[in-house]
>>> print(open('my_file_5.cif').read())   # mmCIF, C-alpha atoms; chains and numbers go by the auth columns
data_work
loop_
_atom_site.group_PDB
_atom_site.id
_atom_site.type_symbol
_atom_site.label_atom_id
_atom_site.label_comp_id
_atom_site.label_asym_id
_atom_site.label_seq_id
_atom_site.Cartn_x
_atom_site.Cartn_y
_atom_site.Cartn_z
_atom_site.B_iso_or_equiv
_atom_site.auth_seq_id
_atom_site.auth_asym_id
ATOM 1 C CA MET A 1 99.080 43.890 191.440 0.00 1257 A
ATOM 2 C CA ALA A 2 101.286 46.046 189.252 0.00 1258 A
ATOM 3 C CA ARG A 3 103.582 48.132 191.406 0.00 1259 A
ATOM 4 C CA GLU A 4 105.207 51.346 190.382 0.00 1260 A
ATOM 5 C CA ARG A 5 108.245 52.789 192.079 0.00 1261 A
ATOM 6 C CA ASN A 6 105.909 55.001 194.156 0.00 1262 A
ATOM 7 C CA GLY A 7 103.116 52.486 194.846 0.00 1263 A
ATOM 8 C CA VAL A 8 100.161 50.891 193.105 0.00 1264 A
ATOM 9 C CA ALA A 9 99.409 51.875 189.526 0.00 1265 A
ATOM 10 C CA VAL A 10 95.764 52.946 189.363 0.00 1266 A
ATOM 11 C CA HIS A 11 94.349 53.422 185.872 0.00 1267 A
ATOM 12 C CA VAL A 12 91.608 56.033 185.551 0.00 1268 A
ATOM 13 C CA ALA A 13 88.989 56.130 182.799 0.00 1269 A
ATOM 14 C CA ARG A 14 86.259 58.694 182.237 0.00 1270 A
ATOM 15 C CA VAL A 15 82.703 57.473 181.710 0.00 1271 A
ATOM 16 C CA ARG A 16 80.387 59.493 179.507 0.00 1272 A
ATOM 17 C CA ALA A 17 77.175 59.480 181.489 0.00 1273 A
ATOM 18 C CA PRO A 18 74.382 61.321 179.637 0.00 1274 A
ATOM 19 C CA GLY A 19 72.360 63.400 182.067 0.00 1275 A
ATOM 20 C CA LEU A 20 74.596 62.513 185.026 0.00 1276 A
ATOM 21 C CA GLY A 21 77.774 64.339 184.146 0.00 1277 A
ATOM 22 C CA PRO A 22 81.226 62.796 184.128 0.00 1278 A
ATOM 23 C CA VAL A 23 82.092 59.719 186.155 0.00 1279 A
ATOM 24 C CA LEU A 24 85.644 58.578 186.886 0.00 1280 A
ATOM 25 C CA VAL A 25 86.478 54.893 187.243 0.00 1281 A
ATOM 26 C CA ALA A 26 89.731 53.841 188.917 0.00 1282 A
ATOM 27 C CA CYS A 27 91.059 50.326 188.331 0.00 1283 A
ATOM 28 C CA THR A 28 93.960 48.147 189.353 0.00 1284 A
ATOM 29 C CA PRO A 29 94.672 44.825 187.658 0.00 1285 A
ATOM 30 C CA SER A 30 92.573 43.210 190.426 0.00 1286 A
ATOM 31 C CA GLY A 31 89.401 45.157 189.646 0.00 1287 A
ATOM 32 C CA VAL A 32 87.618 48.474 190.039 0.00 1288 A
ATOM 33 C CA VAL A 33 88.661 50.247 193.233 0.00 1289 A
ATOM 34 C CA ARG A 34 86.751 53.534 192.992 0.00 1290 A
ATOM 35 C CA VAL A 35 83.851 55.110 191.100 0.00 1291 A
ATOM 36 C CA GLN A 36 83.464 58.844 191.523 0.00 1292 A
ATOM 37 C CA PHE A 37 80.829 61.222 190.202 0.00 1293 A
ATOM 38 C CA GLY A 38 82.380 64.373 188.784 0.00 1294 A
ATOM 39 C CA ASP A 39 85.666 65.061 187.047 0.00 1295 A
ATOM 40 C CA ASP A 40 87.864 66.013 190.019 0.00 1296 A
ATOM 41 C CA ARG A 41 91.031 63.940 189.581 0.00 1297 A
ATOM 42 C CA ASP A 42 92.655 65.639 192.594 0.00 1298 A
ATOM 43 C CA ARG A 43 89.846 64.458 194.888 0.00 1299 A
ATOM 44 C CA LEU A 44 90.058 60.990 193.349 0.00 1300 A
ATOM 45 C CA GLY A 45 93.803 60.957 193.995 0.00 1301 A
ATOM 46 C CA ARG A 46 93.310 61.921 197.656 0.00 1302 A
ATOM 47 C CA GLU A 47 90.718 59.180 198.162 0.00 1303 A
ATOM 48 C CA LEU A 48 92.901 56.583 196.472 0.00 1304 A
ATOM 49 C CA GLU A 49 95.918 57.658 198.533 0.00 1305 A
ATOM 50 C CA ARG A 50 94.059 56.588 201.686 0.00 1306 A
ATOM 51 C CA GLN A 51 93.355 53.159 200.220 0.00 1307 A
ATOM 52 C CA PHE A 52 96.649 52.760 198.341 0.00 1308 A
ATOM 53 C CA PRO A 53 99.409 54.861 199.914 0.00 1309 A
ATOM 54 C CA GLY A 54 101.752 56.042 197.181 0.00 1310 A
ATOM 55 C CA ALA A 55 99.257 55.241 194.411 0.00 1311 A
ATOM 56 C CA THR A 56 100.183 56.539 190.977 0.00 1312 A
ATOM 57 C CA LEU A 57 97.315 57.629 188.713 0.00 1313 A
ATOM 58 C CA LYS A 58 97.791 56.420 185.161 0.00 1314 A
ATOM 59 C CA ARG A 59 96.018 56.690 181.839 0.00 1315 A
ATOM 60 C CA PRO A 60 93.260 54.150 181.234 0.00 1316 A
ATOM 61 C CA SER A 61 94.386 50.569 180.811 0.00 1317 A
ATOM 62 C CA THR A 62 92.490 48.291 178.451 0.00 1318 A
ATOM 63 C CA PHE A 63 90.616 46.967 181.478 0.00 1319 A
ATOM 64 C CA ALA A 64 89.685 50.458 182.722 0.00 1320 A
ATOM 65 C CA SER A 65 88.513 51.432 179.227 0.00 1321 A
ATOM 66 C CA ASP A 66 86.426 48.255 178.993 0.00 1322 A
ATOM 67 C CA VAL A 67 84.816 49.003 182.383 0.00 1323 A
ATOM 68 C CA ALA A 68 84.030 52.545 181.212 0.00 1324 A
ATOM 69 C CA ARG A 69 82.323 51.170 178.076 0.00 1325 A
ATOM 70 C CA VAL A 70 80.268 48.680 180.123 0.00 1326 A
ATOM 71 C CA LEU A 71 79.153 51.451 182.510 0.00 1327 A
ATOM 72 C CA GLU A 72 78.307 53.741 179.578 0.00 1328 A
ATOM 73 C CA ALA A 73 76.154 50.988 178.069 0.00 1329 A
ATOM 74 C CA TYR A 74 74.359 50.499 181.408 0.00 1330 A
ATOM 75 C CA LEU A 75 73.748 54.239 181.747 0.00 1331 A
ATOM 76 C CA LYS A 76 72.181 54.215 178.268 0.00 1332 A
ATOM 77 C CA GLY A 77 69.685 51.538 179.322 0.00 1333 A
ATOM 78 C CA GLY A 78 71.789 48.391 178.967 0.00 1334 A
ATOM 79 C CA PRO A 79 72.152 45.649 181.559 0.00 1335 A
ATOM 80 C CA TRP A 80 73.564 46.354 184.997 0.00 1336 A
ATOM 81 C CA PRO A 81 77.294 45.438 184.933 0.00 1337 A
ATOM 82 C CA SER A 82 77.146 42.677 187.554 0.00 1338 A
ATOM 83 C CA GLY A 83 80.179 40.816 186.185 0.00 1339 A
ATOM 84 C CA VAL A 84 82.691 43.641 186.574 0.00 1340 A
ATOM 85 C CA PRO A 85 85.338 42.650 189.147 0.00 1341 A
ATOM 86 C CA VAL A 86 85.485 45.011 192.107 0.00 1342 A
ATOM 87 C CA VAL A 87 87.890 45.449 195.004 0.00 1343 A
ATOM 88 C CA LEU A 88 86.101 46.467 198.180 0.00 1344 A
ATOM 89 C CA PRO A 89 88.232 47.782 201.033 0.00 1345 A
ATOM 90 C CA GLY A 90 88.144 46.362 204.519 0.00 1346 A
ATOM 91 C CA ALA A 91 85.854 43.993 206.295 0.00 1347 A
ATOM 92 C CA GLY A 92 83.216 44.280 208.956 0.00 1348 A
ATOM 93 C CA PHE A 93 79.742 45.753 208.766 0.00 1349 A
ATOM 94 C CA TYR A 94 80.331 48.098 205.825 0.00 1350 A
ATOM 95 C CA ALA A 95 81.715 45.261 203.706 0.00 1351 A
ATOM 96 C CA ARG A 96 78.698 43.106 204.637 0.00 1352 A
ATOM 97 C CA VAL A 97 76.360 45.917 203.541 0.00 1353 A
ATOM 98 C CA TRP A 98 78.220 46.432 200.252 0.00 1354 A
ATOM 99 C CA ASN A 99 78.166 42.712 199.467 0.00 1355 A
ATOM 100 C CA TYR A 100 74.423 42.591 200.199 0.00 1356 A
ATOM 101 C CA LEU A 101 73.799 45.590 197.912 0.00 1357 A
ATOM 102 C CA ARG A 102 75.458 43.770 194.997 0.00 1358 A
ATOM 103 C CA ARG A 103 72.709 41.144 195.288 0.00 1359 A
ATOM 104 C CA ILE A 104 69.791 43.589 194.980 0.00 1360 A
ATOM 105 C CA PRO A 105 68.537 43.045 191.415 0.00 1361 A
ATOM 106 C CA ALA A 106 68.273 45.953 189.016 0.00 1362 A
ATOM 107 C CA GLY A 107 64.721 47.242 189.025 0.00 1363 A
ATOM 108 C CA GLN A 108 64.232 46.608 192.748 0.00 1364 A
ATOM 109 C CA VAL A 109 64.802 48.681 195.859 0.00 1365 A
ATOM 110 C CA ARG A 110 65.195 47.931 199.545 0.00 1366 A
ATOM 111 C CA THR A 111 64.811 50.241 202.511 0.00 1367 A
ATOM 112 C CA TYR A 112 67.729 50.932 204.829 0.00 1368 A
ATOM 113 C CA GLY A 113 65.768 49.102 207.542 0.00 1369 A
ATOM 114 C CA ARG A 114 65.174 46.043 205.382 0.00 1370 A
ATOM 115 C CA VAL A 115 68.876 45.807 204.560 0.00 1371 A
ATOM 116 C CA ALA A 116 69.669 46.017 208.281 0.00 1372 A
ATOM 117 C CA GLN A 117 67.179 43.211 209.000 0.00 1373 A
ATOM 118 C CA ALA A 118 68.616 41.054 206.224 0.00 1374 A
ATOM 119 C CA LEU A 119 72.025 41.449 207.859 0.00 1375 A
ATOM 120 C CA ARG A 120 70.532 40.511 211.254 0.00 1376 A
ATOM 121 C CA ARG A 121 71.114 43.999 212.620 0.00 1377 A
ATOM 122 C CA ARG A 122 67.608 45.198 213.502 0.00 1378 A
ATOM 123 C CA GLY A 123 67.597 48.895 214.279 0.00 1379 A
ATOM 124 C CA ALA A 124 70.772 49.534 212.284 0.00 1380 A
ATOM 125 C CA ALA A 125 69.114 51.426 209.414 0.00 1381 A
ATOM 126 C CA ARG A 126 71.293 54.491 210.084 0.00 1382 A
ATOM 127 C CA ALA A 127 74.428 52.355 210.030 0.00 1383 A
ATOM 128 C CA VAL A 128 73.317 50.935 206.676 0.00 1384 A
ATOM 129 C CA GLY A 129 72.874 54.511 205.438 0.00 1385 A
ATOM 130 C CA GLN A 130 76.391 55.363 206.615 0.00 1386 A
ATOM 131 C CA ALA A 131 77.783 52.331 204.794 0.00 1387 A
ATOM 132 C CA CYS A 132 75.942 53.404 201.640 0.00 1388 A
ATOM 133 C CA GLY A 133 77.385 56.899 202.005 0.00 1389 A
ATOM 134 C CA ALA A 134 80.900 55.483 202.336 0.00 1390 A
ATOM 135 C CA ASN A 135 80.488 53.179 199.326 0.00 1391 A
ATOM 136 C CA PRO A 136 83.599 53.613 197.146 0.00 1392 A
ATOM 137 C CA LEU A 137 81.902 51.999 194.133 0.00 1393 A
ATOM 138 C CA PRO A 138 78.527 53.614 193.432 0.00 1394 A
ATOM 139 C CA LEU A 139 76.973 52.095 190.287 0.00 1395 A
ATOM 140 C CA LEU A 140 78.882 48.803 190.769 0.00 1396 A
ATOM 141 C CA VAL A 141 77.788 48.454 194.397 0.00 1397 A
ATOM 142 C CA PRO A 142 74.290 49.812 193.768 0.00 1398 A
ATOM 143 C CA CYS A 143 73.606 51.863 196.883 0.00 1399 A
ATOM 144 C CA HIS A 144 71.144 53.885 194.787 0.00 1400 A
ATOM 145 C CA ARG A 145 68.769 50.912 195.199 0.00 1401 A
ATOM 146 C CA VAL A 146 68.468 51.572 198.924 0.00 1402 A
ATOM 147 C CA VAL A 147 65.821 54.087 199.947 0.00 1403 A
ATOM 148 C CA ALA A 148 64.418 55.451 203.172 0.00 1404 A
ATOM 149 C CA ALA A 149 61.074 54.408 204.614 0.00 1405 A
ATOM 150 C CA GLY A 150 57.976 56.209 203.394 0.00 1406 A
ATOM 151 C CA CYS A 151 59.051 56.625 199.753 0.00 1407 A
ATOM 152 C CA ARG A 152 61.869 59.005 200.638 0.00 1408 A
ATOM 153 C CA LEU A 153 64.977 58.667 198.517 0.00 1409 A
ATOM 154 C CA GLY A 154 67.352 59.060 201.462 0.00 1410 A
ATOM 155 C CA GLY A 155 70.855 60.139 200.476 0.00 1411 A
ATOM 156 C CA PHE A 156 73.360 59.406 197.751 0.00 1412 A
ATOM 157 C CA SER A 157 77.025 60.301 197.341 0.00 1413 A
ATOM 158 C CA GLY A 158 76.397 61.603 193.827 0.00 1414 A
ATOM 159 C CA GLY A 159 73.394 63.671 194.905 0.00 1415 A
ATOM 160 C CA LEU A 160 69.672 62.928 194.931 0.00 1416 A
ATOM 161 C CA ALA A 161 69.153 63.993 191.304 0.00 1417 A
ATOM 162 C CA ILE A 162 71.553 61.256 190.188 0.00 1418 A
ATOM 163 C CA LYS A 163 69.954 58.694 192.519 0.00 1419 A
ATOM 164 C CA ARG A 164 66.546 59.565 191.089 0.00 1420 A
ATOM 165 C CA SER A 165 67.903 59.259 187.519 0.00 1421 A
ATOM 166 C CA LEU A 166 69.448 55.850 188.228 0.00 1422 A
ATOM 167 C CA LEU A 167 66.251 54.526 189.777 0.00 1423 A
ATOM 168 C CA GLU A 168 64.241 55.855 186.817 0.00 1424 A
ATOM 169 C CA LEU A 169 66.709 54.200 184.423 0.00 1425 A
ATOM 170 C CA GLU A 170 66.080 50.873 186.174 0.00 1426 A
ATOM 171 C CA GLY A 171 62.330 51.402 186.404 0.00 1427 A
ATOM 172 C CA ALA A 172 62.575 51.273 190.196 0.00 1428 A
ATOM 173 C CA LEU A 173 61.721 54.798 191.345 0.00 1429 A
ATOM 174 C CA PRO A 174 59.185 54.268 194.148 0.00 1430 A
ATOM 175 C CA ALA A 175 55.787 55.840 193.520 0.00 1431 A
ATOM 176 C CA GLY A 176 55.626 59.175 195.276 0.00 1432 A
ATOM 177 C CA ALA A 177 59.401 59.249 195.872 0.00 1433 A
ATOM 178 C CA ARG A 178 60.551 62.511 197.344 0.00 1434 A
#
>>> encode(input="my_file_5.cif", output="structure tokens")
Amino acid sequence: MARERNGVAVHVARVRAPGLGPVLVACTPSGVVRVQFGDDRDRLGRELERQFPGATLKRPSTFASDVARVLEAYLKGGPWPSGVPVVLPGAGFYARVWNYLRRIPAGQVRTYGRVAQALRRRGAARAVGQACGANPLPLLVPCHRVVAAGCRLGGFSGGLAIKRSLLELEGALPAGAR
């Protein structure tokens, strides 16, 4: 990983997301480390500082720019960017949830309860929801594909309007979703 005098160099690119507003993508040479809805670089810096103490935000690298283009294409109806390398922090239950979410195909949804069952943690639907809420890589770790029971959208770090838009884009908005 490229090191700067003050820590890890994190390259930030801005994604043009029609109808969703700006999205920031933060990358190291190892992969994407953060996806954030909105254009608040200060908030992004604070979040990255927890993961990479002393991180230095830099202009987009070629890799970060390429990731931004792939995400823009997806958000315009292109294929889901499954091949983009990601760096997920930590281990444990949250990491297991995030890895499971990456295997949910575009165009499909799962309930929080079904994800919990798949991970052999019956009754852990709330914990799955917490892991989705803590997901540092929305879009690349598609937590928007996880919904609550009874056609309820549940939550989403980018807001329910964005979750609804992403599910509509993928043709996966459950009938009667509210």
>>> residues_around(input="my_file_5.cif", residues="Val1281 in chain A", least_positions_apart="3", cutoff="12 Å", atoms="only C-alpha atoms", output="PDB file with C-alpha atoms, in the frame of the given file")
ATOM      1  CA  VAL A1266      95.764  52.946 189.363  1.00  0.00           C
ATOM      2  CA  HIS A1267      94.349  53.422 185.872  1.00  0.00           C
ATOM      3  CA  VAL A1268      91.608  56.033 185.551  1.00  0.00           C
ATOM      4  CA  ALA A1269      88.989  56.130 182.799  1.00  0.00           C
ATOM      5  CA  ARG A1270      86.259  58.694 182.237  1.00  0.00           C
ATOM      6  CA  VAL A1271      82.703  57.473 181.710  1.00  0.00           C
ATOM      7  CA  ARG A1272      80.387  59.493 179.507  1.00  0.00           C
ATOM      8  CA  ALA A1273      77.175  59.480 181.489  1.00  0.00           C
ATOM      9  CA  PRO A1278      81.226  62.796 184.128  1.00  0.00           C
ATOM     10  CA  THR A1284      93.960  48.147 189.353  1.00  0.00           C
ATOM     11  CA  GLY A1287      89.401  45.157 189.646  1.00  0.00           C
ATOM     12  CA  VAL A1288      87.618  48.474 190.039  1.00  0.00           C
ATOM     13  CA  VAL A1289      88.661  50.247 193.233  1.00  0.00           C
ATOM     14  CA  ARG A1290      86.751  53.534 192.992  1.00  0.00           C
ATOM     15  CA  VAL A1291      83.851  55.110 191.100  1.00  0.00           C
ATOM     16  CA  GLN A1292      83.464  58.844 191.523  1.00  0.00           C
ATOM     17  CA  PHE A1293      80.829  61.222 190.202  1.00  0.00           C
ATOM     18  CA  GLY A1294      82.380  64.373 188.784  1.00  0.00           C
ATOM     19  CA  ASP A1295      85.666  65.061 187.047  1.00  0.00           C
ATOM     20  CA  ASP A1296      87.864  66.013 190.019  1.00  0.00           C
ATOM     21  CA  ARG A1297      91.031  63.940 189.581  1.00  0.00           C
ATOM     22  CA  LEU A1300      90.058  60.990 193.349  1.00  0.00           C
ATOM     23  CA  GLY A1301      93.803  60.957 193.995  1.00  0.00           C
ATOM     24  CA  LEU A1304      92.901  56.583 196.472  1.00  0.00           C
ATOM     25  CA  LEU A1313      97.315  57.629 188.713  1.00  0.00           C
ATOM     26  CA  LYS A1314      97.791  56.420 185.161  1.00  0.00           C
ATOM     27  CA  ARG A1315      96.018  56.690 181.839  1.00  0.00           C
ATOM     28  CA  PRO A1316      93.260  54.150 181.234  1.00  0.00           C
ATOM     29  CA  SER A1317      94.386  50.569 180.811  1.00  0.00           C
ATOM     30  CA  PHE A1319      90.616  46.967 181.478  1.00  0.00           C
ATOM     31  CA  ALA A1320      89.685  50.458 182.722  1.00  0.00           C
ATOM     32  CA  SER A1321      88.513  51.432 179.227  1.00  0.00           C
ATOM     33  CA  ASP A1322      86.426  48.255 178.993  1.00  0.00           C
ATOM     34  CA  VAL A1323      84.816  49.003 182.383  1.00  0.00           C
ATOM     35  CA  ALA A1324      84.030  52.545 181.212  1.00  0.00           C
ATOM     36  CA  ARG A1325      82.323  51.170 178.076  1.00  0.00           C
ATOM     37  CA  VAL A1326      80.268  48.680 180.123  1.00  0.00           C
ATOM     38  CA  LEU A1327      79.153  51.451 182.510  1.00  0.00           C
ATOM     39  CA  GLU A1328      78.307  53.741 179.578  1.00  0.00           C
ATOM     40  CA  VAL A1340      82.691  43.641 186.574  1.00  0.00           C
ATOM     41  CA  VAL A1342      85.485  45.011 192.107  1.00  0.00           C
ATOM     42  CA  PRO A1392      83.599  53.613 197.146  1.00  0.00           C
ATOM     43  CA  LEU A1393      81.902  51.999 194.133  1.00  0.00           C
ATOM     44  CA  PRO A1394      78.527  53.614 193.432  1.00  0.00           C
ATOM     45  CA  LEU A1395      76.973  52.095 190.287  1.00  0.00           C
ATOM     46  CA  LEU A1396      78.882  48.803 190.769  1.00  0.00           C
TER      47      LEU A1396
END
>>> atom_distance(input="my_file_5.cif", atom1="CA of Pro1361 in chain A", atom2="CA of Arg1401 in chain A")
8.7 Å
>>> atom_distance(input="my_file_5.cif", atom1="CA of Tyr1368 in chain A", atom2="CA of Arg1382 in chain A")
7.3 Å
>>> atom_distance(input="my_file_5.cif", atom1="CA of Arg1370 in chain A", atom2="CA of Val1403 in chain A")
9.7 Å
>>> resolve_selection(input="my_file_5.cif", expression="the PyMOL selection byres ((chain A and resi 1375) around 12)", output="PyMOL selection string")
chain A and resi 1348-1357+1368-1374+1376-1381+1383-1384
>>> residues_around(input="my_file_5.cif", residues="Ser1421 in chain A", least_positions_apart="2", cutoff="12 Å", atoms="all atoms listed in the file", output="PyMOL selection string")
chain A and resi 1273-1277+1331-1333+1395+1400-1401+1409+1412+1414-1419+1423-1429+1433
>>> axis_aligned_box(input="my_file_5.cif", around="range 1304-1314 of chain A", padding_each_side="5 Å", output="JSON")
{"center_x": 97.3, "center_y": 55.2, "center_z": 193.4, "size_x": 18.9, "size_y": 14.9, "size_z": 26.5}
>>> residues_around(input="my_file_5.cif", residues="Gly1411 in chain A", least_positions_apart="6", cutoff="10 Å", atoms="only C-alpha atoms", output="list of chain:residue names")
A:Gly1385, A:Gln1386, A:Cys1388, A:Gly1389, A:Cys1399, A:His1400, A:Val1402, A:Val1403, A:Ala1404, A:Lys1419
>>> write_last_selection(input="my_file_5.cif", atoms="C-alpha atoms", output="PDB file, in the coordinates of the input")
ATOM      1  CA  GLY A1385      72.874  54.511 205.438  1.00  0.00           C
ATOM      2  CA  GLN A1386      76.391  55.363 206.615  1.00  0.00           C
ATOM      3  CA  CYS A1388      75.942  53.404 201.640  1.00  0.00           C
ATOM      4  CA  GLY A1389      77.385  56.899 202.005  1.00  0.00           C
ATOM      5  CA  CYS A1399      73.606  51.863 196.883  1.00  0.00           C
ATOM      6  CA  HIS A1400      71.144  53.885 194.787  1.00  0.00           C
ATOM      7  CA  VAL A1402      68.468  51.572 198.924  1.00  0.00           C
ATOM      8  CA  VAL A1403      65.821  54.087 199.947  1.00  0.00           C
ATOM      9  CA  ALA A1404      64.418  55.451 203.172  1.00  0.00           C
ATOM     10  CA  LYS A1419      69.954  58.694 192.519  1.00  0.00           C
TER      11      LYS A1419
END
>>> closest_residue(input="my_file_5.cif", among="A:Gln1307, A:Gly1363, A:Val1264, A:Gly1410", to="Pro1335 in chain A", atoms="all atoms listed in the file")
A:Gly1363
>>> residues_near_point(input="my_file_5.cif", point="(97.9, 53.5, 200.1)", cutoff="12 Å", atoms="only C-alpha atoms", output="JSON, numbers by chain")
{"A": [1259, 1262, 1263, 1264, 1265, 1266, 1289, 1301, 1302, 1303, 1304, 1305, 1306, 1307, 1308, 1309, 1310, 1311, 1312, 1345]}
